[in-house]
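Okay, my_file-v4.txt is below, compact mmCIF, C-alpha atoms and all ligand atoms:
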```txt
# COMPACT_ATOMS: atom_id res chain seq x y z
CA MET Z 7 -26.17 10.41 -5.68
CA ILE Z 8 -23.91 7.86 -4.02
CA ARG Z 9 -21.93 5.44 -6.10
CA ALA Z 10 -19.57 2.73 -4.87
CA ILE Z 11 -16.63 1.28 -6.69
CA VAL Z 12 -15.47 -2.07 -5.39
CA GLY Z 13 -13.55 -5.20 -6.36
CA ALA Z 14 -15.35 -8.41 -7.41
CA ASN Z 15 -12.37 -10.67 -6.70
CA TRP Z 16 -9.18 -10.78 -4.61
CA GLY Z 17 -8.18 -7.14 -5.15
CA ASP Z 18 -5.86 -5.76 -7.86
CA GLU Z 19 -8.74 -5.77 -10.33
CA GLY Z 20 -7.72 -2.40 -11.71
CA LYS Z 21 -10.01 -0.32 -9.48
CA GLY Z 22 -7.43 2.46 -9.31
CA LYS Z 23 -7.82 3.59 -12.87
CA VAL Z 24 -11.62 3.41 -12.88
CA THR Z 25 -11.79 5.16 -9.51
CA ASP Z 26 -9.53 7.90 -10.82
CA MET Z 27 -11.85 8.38 -13.82
CA LEU Z 28 -14.95 8.54 -11.63
CA ALA Z 29 -13.24 10.66 -8.96
CA ALA Z 30 -12.73 13.36 -11.57
CA GLN Z 31 -16.54 13.79 -11.68
CA ALA Z 32 -17.14 13.44 -7.94
CA ASP Z 33 -17.70 16.13 -5.31
CA ILE Z 34 -16.64 13.80 -2.50
CA VAL Z 35 -14.51 10.64 -2.54
CA ILE Z 36 -14.53 8.44 0.55
CA ARG Z 37 -12.40 5.56 1.79
CA PHE Z 38 -14.61 3.52 4.11
CA GLN Z 39 -12.62 0.42 5.13
CA GLY Z 40 -9.16 -1.10 5.18
CA GLY Z 41 -5.94 0.77 5.68
CA ALA Z 42 -2.56 1.24 4.11
CA ASN Z 43 -2.27 -2.54 3.56
CA ALA Z 44 -3.30 -2.44 -0.08
CA GLY Z 45 -3.37 0.20 -2.68
CA HIS Z 46 -3.71 0.99 -6.27
CA THR Z 47 -1.78 2.55 -9.01
CA ILE Z 48 -3.01 5.66 -10.70
CA ILE Z 49 -1.53 6.96 -13.92
CA ASN Z 50 -2.66 10.47 -14.84
CA ASN Z 51 -1.34 13.75 -16.20
CA TYR Z 52 0.80 14.27 -13.11
CA GLY Z 53 2.51 10.89 -13.47
CA LYS Z 54 2.22 7.51 -11.81
CA PHE Z 55 1.24 7.24 -8.14
CA ALA Z 56 0.70 4.38 -5.73
CA LEU Z 57 -2.09 5.31 -3.32
CA HIS Z 58 -2.65 3.36 -0.11
CA LEU Z 59 -4.71 5.56 2.18
CA LEU Z 60 -5.46 8.76 0.32
CA PRO Z 61 -8.76 8.65 -1.54
CA SER Z 62 -8.51 8.80 -5.33
CA GLY Z 63 -10.04 12.27 -5.53
CA SER Z 64 -6.65 13.52 -4.37
CA PHE Z 65 -5.79 14.51 -7.95
CA SER Z 66 -8.98 16.49 -8.46
CA SER Z 67 -9.16 20.16 -7.51
CA ARG Z 68 -12.90 19.78 -6.99
CA ALA Z 69 -13.18 16.70 -4.82
CA VAL Z 70 -13.19 16.62 -1.04
CA ASN Z 71 -11.45 13.43 0.08
CA ILE Z 72 -12.66 11.74 3.22
CA ILE Z 73 -10.99 9.09 5.33
CA GLY Z 74 -14.08 7.53 6.87
CA ASN Z 75 -14.65 6.13 10.34
CA GLY Z 76 -14.30 2.55 9.02
CA VAL Z 77 -10.69 3.02 7.96
CA ALA Z 78 -7.59 1.85 9.85
CA LEU Z 79 -5.76 5.18 9.87
CA ASN Z 80 -2.00 4.77 9.76
CA ILE Z 81 -0.88 8.35 10.41
CA PRO Z 82 2.79 8.11 9.34
CA SER Z 83 1.72 6.35 6.12
CA LEU Z 84 -0.81 9.06 5.41
CA LEU Z 85 1.73 11.85 5.97
CA LYS Z 86 4.24 10.10 3.74
CA GLU Z 87 1.67 9.71 1.02
CA LEU Z 88 0.61 13.35 1.17
CA LYS Z 89 4.27 14.22 0.67
CA HIS Z 90 4.62 11.73 -2.23
CA VAL Z 91 1.65 13.31 -4.01
CA THR Z 92 2.60 16.97 -3.44
CA GLU Z 93 6.24 16.34 -4.32
CA GLY Z 94 4.96 14.81 -7.55
CA GLY Z 95 3.58 18.25 -8.46
CA VAL Z 96 -0.04 17.60 -7.46
CA PRO Z 97 -1.72 20.51 -5.59
CA ALA Z 98 -2.35 19.63 -1.91
CA PRO Z 99 -5.50 17.43 -1.81
CA ARG Z 100 -8.60 18.62 0.02
CA LEU Z 101 -8.68 16.10 2.84
CA MET Z 102 -10.95 15.36 5.78
CA ILE Z 103 -10.36 12.68 8.43
CA SER Z 104 -13.32 11.41 10.41
CA ASN Z 105 -12.97 12.20 14.12
CA ARG Z 106 -14.37 8.68 14.66
CA ALA Z 107 -11.73 6.91 12.58
CA GLN Z 108 -9.44 4.80 14.72
CA ILE Z 109 -5.70 4.87 14.42
CA VAL Z 110 -3.20 2.11 13.82
CA MET Z 111 -1.05 2.12 16.95
CA PRO Z 112 2.71 1.46 16.79
CA TYR Z 113 2.17 -1.84 18.60
CA HIS Z 114 -0.42 -3.04 16.06
CA ILE Z 115 2.34 -3.26 13.50
CA LEU Z 116 4.67 -5.01 15.97
CA PHE Z 117 2.01 -7.53 16.96
CA ASP Z 118 1.30 -8.28 13.31
CA GLN Z 119 4.99 -9.07 12.74
CA TYR Z 120 5.44 -11.05 15.95
CA GLU Z 121 2.34 -13.13 15.35
CA GLU Z 122 3.41 -14.05 11.82
CA GLU Z 123 6.84 -14.98 13.23
CA ARG Z 124 5.19 -17.15 15.88
CA LEU Z 125 2.98 -18.91 13.31
CA SER Z 126 6.00 -19.36 11.00
CA ASP Z 127 4.90 -21.74 8.21
CA LYS Z 128 1.24 -21.54 9.29
CA GLN Z 129 1.08 -17.78 8.80
CA PHE Z 130 -1.73 -15.99 6.96
CA GLY Z 131 0.53 -14.04 4.63
CA SER Z 132 -0.28 -10.77 6.37
CA THR Z 133 1.10 -7.56 4.89
CA LYS Z 134 2.32 -6.88 8.46
CA SER Z 135 0.81 -3.42 8.47
CA GLY Z 136 -1.08 -4.00 11.69
CA ILE Z 137 -4.53 -4.37 10.15
CA ALA Z 138 -5.65 -7.56 11.96
CA PRO Z 139 -4.45 -6.38 15.43
CA PHE Z 140 -6.02 -2.99 14.71
CA TYR Z 141 -9.49 -4.35 13.94
CA SER Z 142 -9.22 -6.86 16.81
CA ASP Z 143 -8.64 -3.99 19.23
CA LYS Z 144 -11.36 -1.87 17.65
CA TYR Z 145 -13.99 -4.53 18.24
CA ALA Z 146 -12.52 -5.47 21.63
CA LYS Z 147 -13.15 -1.77 22.44
CA ILE Z 148 -9.56 -0.93 23.25
CA GLY Z 149 -8.82 1.04 20.08
CA PHE Z 150 -8.11 4.78 19.90
CA GLN Z 151 -10.43 7.09 18.01
CA VAL Z 152 -8.91 10.20 16.47
CA SER Z 153 -11.09 12.40 18.72
CA GLU Z 154 -9.57 10.77 21.82
CA LEU Z 155 -6.08 11.91 20.90
CA TYR Z 156 -6.93 15.49 21.85
CA ASP Z 157 -7.69 14.69 25.51
CA ASP Z 158 -4.37 14.18 27.30
CA ALA Z 159 -5.67 12.78 30.57
CA TYR Z 160 -8.07 10.39 28.84
CA MET Z 161 -5.43 9.20 26.41
CA ARG Z 162 -2.80 8.57 29.11
CA GLU Z 163 -5.19 6.64 31.32
CA LYS Z 164 -6.36 4.49 28.44
CA LEU Z 165 -2.80 3.85 27.29
CA GLU Z 166 -1.84 2.69 30.78
CA SER Z 167 -4.70 0.23 30.85
CA VAL Z 168 -4.19 -1.11 27.31
CA LEU Z 169 -0.41 -1.42 27.61
CA THR Z 170 -0.72 -3.47 30.79
CA VAL Z 171 -2.33 -6.21 28.70
CA LYS Z 172 -0.11 -5.73 25.64
CA ASN Z 173 3.05 -5.94 27.74
CA VAL Z 174 2.07 -9.28 29.26
CA ILE Z 175 1.69 -10.72 25.77
CA LEU Z 176 4.90 -9.12 24.54
CA GLU Z 177 6.91 -10.45 27.44
CA HIS Z 178 5.45 -13.92 27.90
CA LEU Z 179 4.17 -14.95 24.48
CA TYR Z 180 6.50 -13.21 22.05
CA HIS Z 181 9.54 -12.67 24.32
CA LYS Z 182 10.00 -9.14 23.00
CA PRO Z 183 10.73 -5.78 24.66
CA THR Z 184 7.79 -4.18 26.46
CA LEU Z 185 6.29 -0.77 25.65
CA SER Z 186 6.43 2.44 27.64
CA VAL Z 187 3.39 4.67 28.12
CA ASP Z 188 5.54 7.82 27.91
CA GLU Z 189 7.06 6.90 24.57
CA ILE Z 190 3.77 6.01 22.94
CA PHE Z 191 2.08 9.06 24.44
CA ALA Z 192 4.77 11.31 22.94
CA GLN Z 193 4.36 9.60 19.57
CA LEU Z 194 0.60 10.11 19.62
CA VAL Z 195 1.00 13.80 20.48
CA GLU Z 196 3.26 14.26 17.48
CA TRP Z 197 0.81 12.43 15.20
CA ARG Z 198 -2.31 14.22 16.42
CA ASP Z 199 -0.72 17.62 15.83
CA ALA Z 200 0.21 16.64 12.28
CA ILE Z 201 -3.32 15.57 11.32
CA LYS Z 202 -5.21 18.26 13.26
CA PRO Z 203 -6.00 20.44 10.22
CA TYR Z 204 -7.87 17.56 8.59
CA VAL Z 205 -9.91 16.18 11.49
CA ALA Z 206 -13.65 16.81 11.17
CA ASP Z 207 -17.14 15.61 12.03
CA THR Z 208 -17.55 13.91 8.67
CA VAL Z 209 -20.95 12.42 9.56
CA SER Z 210 -22.52 15.90 9.76
CA TYR Z 211 -20.65 16.97 6.64
CA LEU Z 212 -21.94 13.98 4.69
CA TYR Z 213 -25.49 14.34 5.97
CA LYS Z 214 -25.59 17.80 4.45
CA ALA Z 215 -23.86 16.64 1.27
CA VAL Z 216 -26.51 13.95 0.71
CA GLN Z 217 -29.27 16.52 1.21
CA GLU Z 218 -27.61 18.73 -1.36
CA ASP Z 219 -27.43 15.78 -3.75
CA LYS Z 220 -23.67 15.92 -4.10
CA MET Z 221 -21.92 13.31 -6.23
CA ILE Z 222 -20.35 10.97 -3.67
CA LEU Z 223 -17.98 8.15 -4.51
CA LEU Z 224 -17.28 5.32 -2.07
CA GLU Z 225 -13.95 3.78 -2.85
CA GLY Z 226 -13.42 0.14 -1.86
CA GLN Z 227 -10.11 -1.54 -1.21
CA LEU Z 228 -9.34 -5.20 -2.03
CA GLY Z 229 -12.36 -7.21 -3.22
CA SER Z 230 -15.31 -9.47 -2.37
CA LEU Z 231 -13.20 -12.57 -1.79
CA LYS Z 232 -11.17 -10.79 0.90
CA ASP Z 233 -14.30 -9.87 2.87
CA PRO Z 234 -14.19 -11.48 6.34
CA ASP Z 235 -17.79 -12.76 6.06
CA PHE Z 236 -18.08 -13.70 2.41
CA GLY Z 237 -14.50 -14.23 1.32
CA ILE Z 238 -11.99 -17.06 1.61
CA TYR Z 239 -11.82 -16.86 5.40
CA PRO Z 240 -9.35 -16.91 7.15
CA PHE Z 241 -7.26 -15.70 4.20
CA THR Z 242 -9.29 -12.53 4.11
CA THR Z 243 -8.72 -9.06 5.39
CA SER Z 244 -10.17 -7.82 8.68
CA SER Z 245 -12.71 -5.23 7.53
CA SER Z 246 -15.60 -5.62 5.14
CA THR Z 247 -14.72 -4.96 1.51
CA LEU Z 248 -18.34 -4.72 0.41
CA ALA Z 249 -20.23 -1.72 -0.95
CA GLY Z 250 -22.86 -2.28 1.73
CA TYR Z 251 -20.27 -1.58 4.37
CA GLY Z 252 -19.73 1.78 2.72
CA ALA Z 253 -22.82 3.03 4.53
CA VAL Z 254 -21.31 2.04 7.88
CA GLY Z 255 -17.68 2.90 7.23
CA ALA Z 256 -18.54 6.39 6.01
CA GLY Z 257 -21.75 7.15 7.92
CA LEU Z 258 -24.26 7.30 5.06
CA PRO Z 259 -27.82 6.01 4.58
CA PRO Z 260 -27.60 2.56 2.90
CA TYR Z 261 -30.58 3.26 0.63
CA GLU Z 262 -28.74 6.22 -0.93
CA ILE Z 263 -26.10 3.97 -2.53
CA LYS Z 264 -27.65 3.75 -6.00
CA ASP Z 265 -24.89 2.53 -8.22
CA ILE Z 266 -22.45 -0.27 -7.34
CA ILE Z 267 -19.67 -0.72 -9.82
CA ALA Z 268 -17.81 -4.01 -9.45
CA VAL Z 269 -14.42 -4.20 -11.13
CA THR Z 270 -13.00 -7.47 -12.40
CA LYS Z 271 -10.00 -8.31 -14.59
CA ALA Z 272 -10.26 -10.33 -17.81
CA TYR Z 273 -8.08 -12.96 -16.09
CA SER Z 274 -7.44 -13.65 -12.40
CA SER Z 275 -4.63 -12.75 -10.07
CA ALA Z 276 -4.28 -12.87 -6.31
CA VAL Z 277 -1.70 -11.86 -3.75
CA GLY Z 278 -1.22 -13.84 -0.56
CA ALA Z 279 -2.40 -17.23 0.62
CA GLY Z 280 -5.83 -18.88 0.27
CA ASP Z 281 -7.80 -20.88 -2.25
CA PHE Z 282 -7.58 -19.80 -5.85
CA VAL Z 283 -9.37 -22.43 -7.93
CA SER Z 284 -8.54 -21.20 -11.46
CA GLU Z 285 -4.86 -20.71 -10.64
CA ILE Z 286 -2.26 -21.62 -13.27
CA PHE Z 287 1.41 -22.39 -12.75
CA GLY Z 288 4.77 -22.69 -14.50
CA ASP Z 289 5.49 -21.16 -17.91
CA GLN Z 290 1.82 -20.46 -18.59
CA ALA Z 291 1.57 -18.37 -15.42
CA ASP Z 292 4.92 -16.65 -16.00
CA GLU Z 293 3.89 -15.62 -19.48
CA LEU Z 294 0.55 -14.17 -18.31
CA ARG Z 295 2.29 -12.37 -15.44
CA ARG Z 296 4.86 -10.90 -17.80
CA ARG Z 297 2.23 -9.84 -20.37
CA GLY Z 298 0.24 -8.26 -17.60
CA GLY Z 299 3.16 -5.92 -16.92
CA ASP Z 300 2.07 -3.63 -14.12
CA ALA Z 301 -1.34 -5.26 -14.06
CA GLY Z 302 0.22 -8.68 -13.65
CA GLU Z 303 3.42 -8.58 -11.75
CA PHE Z 304 3.44 -7.26 -8.25
CA GLY Z 305 0.98 -6.01 -5.64
CA ALA Z 306 0.95 -2.18 -5.39
CA THR Z 307 1.65 -2.19 -1.64
CA THR Z 308 3.48 -5.41 -0.95
CA GLY Z 309 5.60 -5.83 -4.06
CA ARG Z 310 4.84 -9.55 -3.76
CA PRO Z 311 4.56 -11.45 -7.06
CA ARG Z 312 0.96 -12.18 -7.93
CA ARG Z 313 -0.50 -15.63 -8.36
CA MET Z 314 -2.11 -15.92 -11.79
CA GLY Z 315 -5.15 -17.74 -13.16
CA TRP Z 316 -7.82 -17.72 -15.85
CA PHE Z 317 -11.04 -15.76 -15.43
CA ASP Z 318 -13.23 -17.41 -12.81
CA CYS Z 319 -16.96 -17.06 -13.55
CA VAL Z 320 -17.97 -18.89 -10.35
CA ALA Z 321 -15.96 -16.65 -8.02
CA THR Z 322 -16.74 -13.45 -9.93
CA ARG Z 323 -20.50 -14.03 -10.21
CA TYR Z 324 -20.53 -14.60 -6.45
CA GLY Z 325 -18.25 -11.60 -5.96
CA CYS Z 326 -20.70 -9.40 -7.89
CA ARG Z 327 -23.69 -10.77 -5.97
CA VAL Z 328 -22.27 -10.08 -2.53
CA GLN Z 329 -21.39 -6.58 -3.65
CA GLY Z 330 -24.90 -6.07 -5.05
CA ALA Z 331 -23.27 -4.94 -8.31
CA THR Z 332 -25.42 -2.85 -10.65
CA GLN Z 333 -22.70 -2.81 -13.32
CA VAL Z 334 -19.33 -4.38 -14.04
CA VAL Z 335 -16.09 -2.99 -15.43
CA LEU Z 336 -13.94 -5.61 -17.16
CA THR Z 337 -10.30 -4.52 -17.15
CA ALA Z 338 -7.06 -5.52 -18.85
CA ILE Z 339 -8.51 -7.33 -21.87
CA ASP Z 340 -5.45 -6.06 -23.79
CA VAL Z 341 -3.29 -8.39 -21.70
CA LEU Z 342 -4.96 -11.49 -23.25
CA SER Z 343 -4.25 -10.42 -26.84
CA TYR Z 344 -1.31 -12.85 -27.19
CA LEU Z 345 -3.41 -16.00 -26.75
CA ASP Z 346 -4.81 -18.29 -29.48
CA GLU Z 347 -7.37 -19.64 -27.10
CA ILE Z 348 -8.45 -18.57 -23.64
CA PRO Z 349 -9.67 -20.96 -20.94
CA VAL Z 350 -12.39 -19.63 -18.63
CA CYS Z 351 -13.41 -21.34 -15.40
CA VAL Z 352 -17.16 -22.00 -15.60
CA GLY Z 353 -17.69 -24.44 -12.74
CA TYR Z 354 -16.10 -26.08 -9.71
CA GLU Z 355 -15.91 -29.83 -9.34
CA ILE Z 356 -16.22 -30.88 -5.71
CA ASP Z 357 -16.19 -34.60 -4.88
CA GLY Z 358 -17.23 -35.47 -8.44
CA GLN Z 359 -20.12 -32.95 -8.58
CA VAL Z 360 -19.94 -29.78 -10.67
CA THR Z 361 -21.30 -26.64 -9.08
CA LYS Z 362 -21.67 -23.06 -10.23
CA SER Z 363 -22.10 -21.75 -6.70
CA PHE Z 364 -19.12 -20.45 -4.79
CA PRO Z 365 -18.68 -22.64 -1.70
CA ALA Z 366 -17.53 -21.82 1.84
CA THR Z 367 -13.86 -22.41 2.61
CA VAL Z 368 -13.91 -26.09 3.66
CA ASP Z 369 -15.51 -27.14 0.36
CA LEU Z 370 -13.52 -24.62 -1.60
CA ASN Z 371 -10.37 -26.46 -0.49
CA ARG Z 372 -11.47 -29.47 -2.53
CA ALA Z 373 -12.75 -27.60 -5.61
CA LYS Z 374 -11.16 -28.24 -8.99
CA PRO Z 375 -11.74 -25.90 -11.93
CA VAL Z 376 -13.94 -26.84 -14.90
CA PHE Z 377 -12.69 -24.87 -17.89
CA GLU Z 378 -14.36 -23.91 -21.14
CA THR Z 379 -12.02 -22.70 -23.87
CA LEU Z 380 -12.93 -19.64 -25.91
CA PRO Z 381 -11.16 -18.50 -29.09
CA GLY Z 382 -8.51 -15.80 -28.62
CA TRP Z 383 -8.22 -12.74 -30.91
CA ASN Z 384 -4.47 -12.63 -31.29
CA LYS Z 385 -4.42 -8.94 -32.12
CA ASP Z 386 -3.51 -5.80 -30.22
CA VAL Z 387 -6.69 -4.14 -28.95
CA ARG Z 388 -5.18 -1.03 -27.37
CA GLY Z 389 -6.39 2.27 -28.76
CA ILE Z 390 -9.84 0.93 -29.66
CA THR Z 391 -12.65 3.04 -28.18
CA ASP Z 392 -15.71 1.50 -29.83
CA PHE Z 393 -16.86 -1.94 -28.65
CA ARG Z 394 -17.90 -2.95 -32.18
CA LYS Z 395 -14.37 -2.26 -33.44
CA LEU Z 396 -12.93 -4.92 -31.14
CA PRO Z 397 -12.07 -8.22 -32.89
CA GLU Z 398 -15.14 -10.44 -32.92
CA ALA Z 399 -13.52 -12.99 -30.59
CA ALA Z 400 -12.82 -10.23 -28.03
CA GLN Z 401 -16.44 -9.04 -28.20
CA LYS Z 402 -17.60 -12.63 -27.74
CA TYR Z 403 -15.27 -13.05 -24.76
CA VAL Z 404 -16.82 -10.00 -23.06
CA LEU Z 405 -20.37 -11.13 -23.88
CA PHE Z 406 -19.66 -14.64 -22.59
CA ILE Z 407 -18.48 -13.25 -19.25
CA GLU Z 408 -21.41 -10.84 -19.06
CA LYS Z 409 -23.85 -13.71 -19.51
CA GLU Z 410 -22.09 -15.76 -16.83
CA LEU Z 411 -22.11 -12.87 -14.37
CA GLY Z 412 -25.68 -11.79 -15.01
CA VAL Z 413 -24.69 -8.12 -14.60
CA PRO Z 414 -24.15 -5.67 -17.49
CA ILE Z 415 -20.51 -4.96 -18.35
CA LYS Z 416 -20.77 -1.25 -19.07
CA MET Z 417 -17.06 -0.52 -19.40
CA VAL Z 418 -14.20 -2.51 -20.87
CA SER Z 419 -10.68 -1.34 -20.12
CA ASN Z 420 -8.01 -2.02 -22.73
CA GLY Z 421 -4.93 -0.36 -21.30
CA PRO Z 422 -3.62 1.22 -18.10
CA ARG Z 423 -4.25 4.86 -19.11
CA ARG Z 424 -7.35 6.73 -18.07
CA GLU Z 425 -8.56 7.26 -21.64
CA GLU Z 426 -8.14 3.58 -22.57
CA ILE Z 427 -11.74 2.66 -21.90
CA ILE Z 428 -14.61 1.38 -24.00
CA TYR Z 429 -18.12 2.38 -22.88
CA ARG Z 430 -21.00 0.12 -23.80
P1 LIG R 501 -6.61 -2.20 -7.60
O1 LIG R 501 -6.01 -2.90 -6.43
O2 LIG R 501 -7.83 -2.88 -8.08
O3 LIG R 501 -6.81 -0.75 -7.39
O4 LIG R 501 -5.55 -2.45 -8.76
P2 LIG R 501 -4.67 -1.40 -9.52
O5 LIG R 501 -5.46 -0.21 -9.84
O6 LIG R 501 -3.39 -1.22 -8.79
O7 LIG R 501 -4.42 -2.16 -10.88
C1 LIG R 501 -3.34 -2.96 -11.12
C2 LIG R 501 -2.58 -2.52 -12.33
O8 LIG R 501 -3.35 -2.71 -13.50
C3 LIG R 501 -2.13 -1.07 -12.37
O9 LIG R 501 -0.77 -1.05 -12.64
C4 LIG R 501 -2.93 -0.48 -13.53
O10 LIG R 501 -2.19 0.53 -14.20
C5 LIG R 501 -3.14 -1.65 -14.41
N1 LIG R 501 -4.33 -1.60 -15.27
C6 LIG R 501 -5.58 -1.15 -14.96
N2 LIG R 501 -6.42 -1.33 -16.01
C7 LIG R 501 -5.67 -1.90 -17.01
C8 LIG R 501 -5.97 -2.32 -18.35
O11 LIG R 501 -7.08 -2.24 -18.85
N3 LIG R 501 -4.93 -2.86 -19.06
C9 LIG R 501 -3.67 -2.99 -18.55
N4 LIG R 501 -2.73 -3.53 -19.33
N5 LIG R 501 -3.37 -2.60 -17.30
C10 LIG R 501 -4.35 -2.07 -16.54
```

Now, as a test, write the supplied structure out as structure tokens.
Amino acid sequence: MIRAIVGANWGDEGKGKVTDMLAAQADIVIRFQGGANAGHTIINNYGKFALHLLPSGSFSSRAVNIIGNGVALNIPSLLKELKHVTEGGVPAPRLMISNRAQIVMPYHILFDQYEEERLSDKQFGSTKSGIAPFYSDKYAKIGFQVSELYDDAYMREKLESVLTVKNVILEHLYHKPTLSVDEIFAQLVEWRDAIKPYVADTVSYLYKAVQEDKMILLEGQLGSLKDPDFGIYPFTTSSSTLAGYGAVGAGLPPYEIKDIIAVTKAYSSAVGAGDFVSEIFGDQADELRRRGGDAGEFGATTGRPRRMGWFDCVATRYGCRVQGATQVVLTAIDVLSYLDEIPVCVGYEIDGQVTKSFPATVDLNRAKPVFETLPGWNKDVRGITDFRKLPEAAQKYVLFIEKELGVPIKMVSNGPRREEIIYR
């Protein structure tokens, strides 16, 4: 059985905790897209960890963790993270890296920085971890697959060819120092040796695992609205954040993905630039950010303060649809407990017309939120494990959102800890 866990919004929905819960039951946990540019926070018996590249099964003695072919593999980040986890007392994770995964090259990170510098106030708000240059090179067919690192002659020849182009841009566009083939070659040799024990033909491994009906978890990074096709382009990421891409980014049959769990927070938050229709500002936003604590304040990878907003039914319904969600997890309802009433965005007004459909970016720029206000519950809801024990207003809030989304909310999360979950 293959199950995917993905974000319905802009990322930071609280996937980490839910993934950690599900990873505990999984035989295999796979990262299929993205890189070390985002991450989530996991709080478990070992402590609190920020994961960026390692799959969430890294805390389970049973799970095999796979870095799939669709991932942007940042080798130094991965090595650092392995150290962070093992130094935190966690037994060394069982890890496999696809021999078809491509690696983030040292110059991808440089190009990301230089390009943002060049764009100055027009920049995309990149995390500067090389993700956009990495995927550009991958699809321009000048990227480096892990398997290629073990063929010296091939690697050197390719480096010479690629660096010829990169150096022209460095010198004439960015006015920065050029790169030497020898230095990068030496760096790659060091990296390939460090990851060698983990490199494997994961496609064959997964083919067998599917035949044996293993419990496989596909772990998404970011969320629907950061998908380059369906999100708020160009303020998106550079690889698909959708469950459907899990089949491609891991090498699995699409029809085997049976359960798609979309995670959404009971309010909205976003990191980085781009349209965010239900955004709130000033004291109202500061208060929500502060109440959100870890869930509200800063992105797990970037440490950038999050932009805050009320729950957006238009964006989230669309986010669930493009994921093909079979169920929804609503997280962080405890954060809203301080409010007397809670606005929810139920429509977008564009040029005087109200729509419930999420528009493409040019129209989205002009959209204004239409809010409906629901009663708050004004009571701490942490520690509750039975849905019917929640204050009536909190139950109604969940049911209202479920109706708007058209997908069953099967789990409600009311605190950051793994056991703080209400099953419905
Ligand atoms: P991801 O990007 O979707 O993986 O987001 P994270 O997993 O990093 O979630 C953001 C933060 O929300 C983390 O600090 C979590 O501990 C916290 N969090 C998750 N679920 C809940 C919840 O139900 N209530 C509260 N208060 N915090 C939560």

request  = Would you list the residues that come within 9 Å of ligand LIG 501 (chain R)? Count only C-alpha atoms and all ligand atoms and give the answer as a ChimeraX atom specification.
outcome  = /Z:12-13,16-25,44-49,54,56-57,226-229,269-272,297-307,336-341,388,418-424,426-427

Gap from atom CA of Z:Leu116 to atom CA of Z:Lys134 - Å, one decimal =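 Atom CA of Z:Lys134 lies 8.1 Å from atom CA of Z:Leu116.
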
Near stretch 85-89 of chain Z, within 9 Å and counting only C-alpha atoms, which residues show up once chain neighbours fewer than 6 positions away are dropped, as a PDB file with C-alpha atoms, keeping the file's coordinate frame?
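Printed below is part-v9.pdb as written:
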```pdb
ATOM      1  CA  ALA Z  56       0.700   4.380  -5.730  1.00  0.00           C
ATOM      2  CA  LEU Z  57      -2.090   5.310  -3.320  1.00  0.00           C
ATOM      3  CA  HIS Z  58      -2.650   3.360  -0.110  1.00  0.00           C
ATOM      4  CA  LEU Z  59      -4.710   5.560   2.180  1.00  0.00           C
ATOM      5  CA  LEU Z  60      -5.460   8.760   0.320  1.00  0.00           C
ATOM      6  CA  ALA Z  98      -2.350  19.630  -1.910  1.00  0.00           C
ATOM      7  CA  PRO Z  99      -5.500  17.430  -1.810  1.00  0.00           C
ATOM      8  CA  ALA Z 200       0.210  16.640  12.280  1.00  0.00           C
ATOM      9  CA  ILE Z 201      -3.320  15.570  11.320  1.00  0.00           C
TER      10      ILE Z 201
END
```

query = Skipping near chain neighbours, those fewer than 3 positions away, what residues fall within 9 Å of Z:Gly325 using only C-alpha atoms, listed as a count of residues only?
reply = 17

query = How many Å lie between atom CA of Z:Glu218 and atom CA of Z:Arg9, rounded to one decimal?
reply = 15.2 Å

message = For a quick check of understanding, using only C-alpha atoms, which of Z:Ile148, Z:Ile81, Z:Val334, Z:Ala215 has the smallest distance to Z:Leu165?
response =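 For Z:Leu165, the nearest of the given residues is Z:Ile148.
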
inquiry  = Restricting the calculation to only C-alpha atoms: of Z:Ala291, Z:Ile238, Z:Val376, Z:Ile286, which residue gets closest to Z:Tyr324?
reply    =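 Distance minimum relative to Z:Tyr324 lands on Z:Ile238.
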
key: Shortest interatomic distance to Z:Ser142 - which of Z:Gly94, Z:Ala78, Z:Met314, Z:Val174, counting all atoms listed in the file   = Z:Ala78

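Among the candidates Z:Asp289, Z:Asp265, Z:Asp392, Z:Glu398, the residue lying nearest to Z:Met417 is Z:Asp392 (atoms considered: only C-alpha atoms).
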
key: Two-atom distance - atom CA of Z:Arg323, atom CA of Z:Ala400 (Å)   = 19.8 Å

message = Show me, as number ranges by chain, the residues that have an atom within 12 Å of Z:His181 when counting all atoms listed in the file, minus same-chain residues fewer than 6 positions from it.
response = Z: 117, 120-121, 123-124, 172-175

ask   = Do you know which residues are at most 12 Å from Z:Thr170 counting only C-alpha atoms, after dropping those on the same chain fewer than 6 positions away, and could you put them as a list in words?
value = Ile148, Glu163, Lys164, Leu176, Glu177, Thr184, Leu185, Ser186 and Val187 of chain Z

task = Up to 8 Å from (-13.7, 7.4, 16.7) in the file's coordinates: name the residues, counting only C-alpha atoms, as a ChimeraX atom specification.
result = /Z:75,104-108,150-154

task = Would you mind telling me which residue in Z:Ser274, Z:Asn71, Z:Gln333, Z:Ser83 lies nearest to Z:Ala206 when using only C-alpha atoms?
result = Z:Asn71

remark   = Shortest contact to Z:Ile115, candidates Z:Leu84, Z:Ala42, Z:Tyr160, Z:Arg295, atoms counted only C-alpha atoms, goes to Z:Ala42

query = Counting only C-alpha atoms, which residues come within 8 Å of (-8.8, -10.4, 8.8), with the point read in the file's coordinates, and could you list them as a ChimeraX atom specification?
reply = /Z:137-138,141,234,239-245
